[in-house]
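One structure is given below, encoded as structure tokens.
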Amino acid sequence: KLICFHSFPFSLRSVYRLHKIQAHLMSSNASPEVLFERVGNAGVIILNRPKALNALTLNMIRHIYPQLKKWESDSETSIVIIKGAGDKAFCAGGDIRALSDAGKVGDPLVKELFREEYILNNATGTCKKPYIALIDGITMGGGVGLSVHGRFRVATEKTLFAMPETAIGESPCGLHFLCIGALEKDLVDLKVPSVSDVAQVLDSYHQQVRNRGPFIYFPNRSHLSSVEEIMENLQKDGSAFAQKQLEILSKMSPTSLKLTFRQQQAGATMTLQEVFVMEYRLTQACMRGHDFYEGVRAVIIDKDQNPKWKPPTLAEVTEEFMEESFRSLGERDLVF
């Protein structure tokens, strides 16, 4: 089995550069944001915002979900494929500037987008038909959530994979594949030079994994008890690699780092649906807080790359805040 998957930590400046490209390439072209095609017995979803790195919008989610459910129950459809238009990205995540603007004025977008995004992610992870993600190019944040939970993942030599949410004071979405220890297994199932030929991918699918069942996951066996312990171990390691990771982590939101660590630890024993419920609660905690808006300001708006996190240190992130962030939202909780 051929495997090729590039994963790396993103600095604040890297996140800014990607979103700058996204903003620069956006236009007023009114072409559909999502396209649907049939290739033989396959239903193909095409994220059609190449000039915005196929960034995910609420409108796209509201078109993809019903079509996915339709194909799931359609006897003439045996496979569902999702890919991004263009040659730069599968999906560079969501429009964080729009989320920031909405959150500042209490716009319901911050609730609706995350709620419906997780419902869609759950549908990809529980789809009765094989769901194949062609992860070509930049794949970040919401793009990860849209791709990793399905049955089969195809990467290319251009695949760039990142979950840079802690750089902007947010909690990562789609962490189930990490929570349950997927790093102990391959993150993708097939590597191809490109995904331009869907028929070729289908042929590879039929040849290699026709009878393949869902992934078998193993619990995360990390014995590290805190973010602080991770930082201490990196400091003690002393290698160039460890020092680089320490430098990167030191620039991230302390709040986001602690939320992400507990999110991963808690998710190790949860079902996919339970993880999504937890993650939705965390997105809403971030939208109520300070660091997300400050991160977007520093990386996207003012571009000074110098966010002023509150609180500024790991030690100052209180247990009370952590407990509140993971607490049930009652009637506002995510329900499938």
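The chains in the structure tokens are called A, B, ... from first to last as shown; in each chain the residues are counted from 1, and the ligands are counted from 1 in the order shown.
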
* To do: Using only C-alpha atoms, determine which residues lie at most 9 Å from region 117-122 of chain A, disregarding the query and same-chain residues fewer than 2 positions distant; provide the list as an MDAnalysis selection string.
  => chainID A and resid 58 61:62 64:65 68 112:115 124:127 142 145:147 149:150 173:174 272:273 276:277 279:280 334:336

* Pick out the residues sitting within 10 Å of Leu224 (chain A), and hand them over as a PyMOL selection string; count only C-alpha atoms, and ignore anything fewer than 6 positions along from it in its own chain. => chain A and resi 230+233+261+265

Okay, now the selection with N, CA and C atoms, as an mmCIF file, in the first residue's frame?
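Done, and the output landed in again-v3.cif:
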data_model
loop_
_atom_site.group_PDB
_atom_site.id
_atom_site.type_symbol
_atom_site.label_atom_id
_atom_site.label_comp_id
_atom_site.auth_asym_id
_atom_site.auth_seq_id
_atom_site.Cartn_x
_atom_site.Cartn_y
_atom_site.Cartn_z
ATOM 1 N N ILE A 230 4.347 18.338 28.476
ATOM 2 C CA ILE A 230 4.846 18.272 27.105
ATOM 3 C C ILE A 230 5.928 19.321 26.894
ATOM 4 N N ASN A 233 9.119 18.349 28.703
ATOM 5 C CA ASN A 233 9.836 17.272 28.021
ATOM 6 C C ASN A 233 10.567 17.779 26.788
ATOM 7 N N PHE A 261 -5.595 19.679 24.390
ATOM 8 C CA PHE A 261 -5.029 18.524 25.088
ATOM 9 C C PHE A 261 -6.121 17.739 25.806
ATOM 10 N N GLN A 265 -7.536 13.879 25.112
ATOM 11 C CA GLN A 265 -7.550 12.876 26.178
ATOM 12 C C GLN A 265 -8.959 12.354 26.426
#

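Between CA of Ser73 (chain A) and CA of Ile132 (chain A) the interatomic distance comes to 16.6 Å.
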
* Nearest to Val105 (chain A), chosen from A:Lys88, A:Lys129, A:Arg288, A:Arg327, with only C-alpha atoms counted in the distances -> A:Arg288

* Asked: Given the choices A:Asn306, A:Asn48, A:Ser171, A:Ser100, which gets closest to Phe326 (chain A) if the distance is worked out from only C-alpha atoms?
  ->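 Counting only C-alpha atoms, the residue closest to Phe326 (chain A) is A:Ser171.
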
* Asked: Can you tell me how far CA of Val80 (chain A) sits from CA of Gly40 (chain A), in Å to one decimal?
  ->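 Going from CA of Val80 (chain A) over to CA of Gly40 (chain A) covers 11.1 Å.
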
* In terms of the shortest atom-to-atom distance over only C-alpha atoms, which of A:Gly94, A:Pro193, A:Gly43, A:Gly169 is closest to Val154 (chain A)? ->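 Looking at the shortest contact to Val154 (chain A), the residue is A:Pro193.
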
* Pick the closest to Gly86 (chain A) from A:Ile168, A:Val188, A:Leu47, A:Met278: which is it, counting only C-alpha atoms? ->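 When distances to Gly86 (chain A) are compared using only C-alpha atoms, the smallest one comes from A:Leu47.
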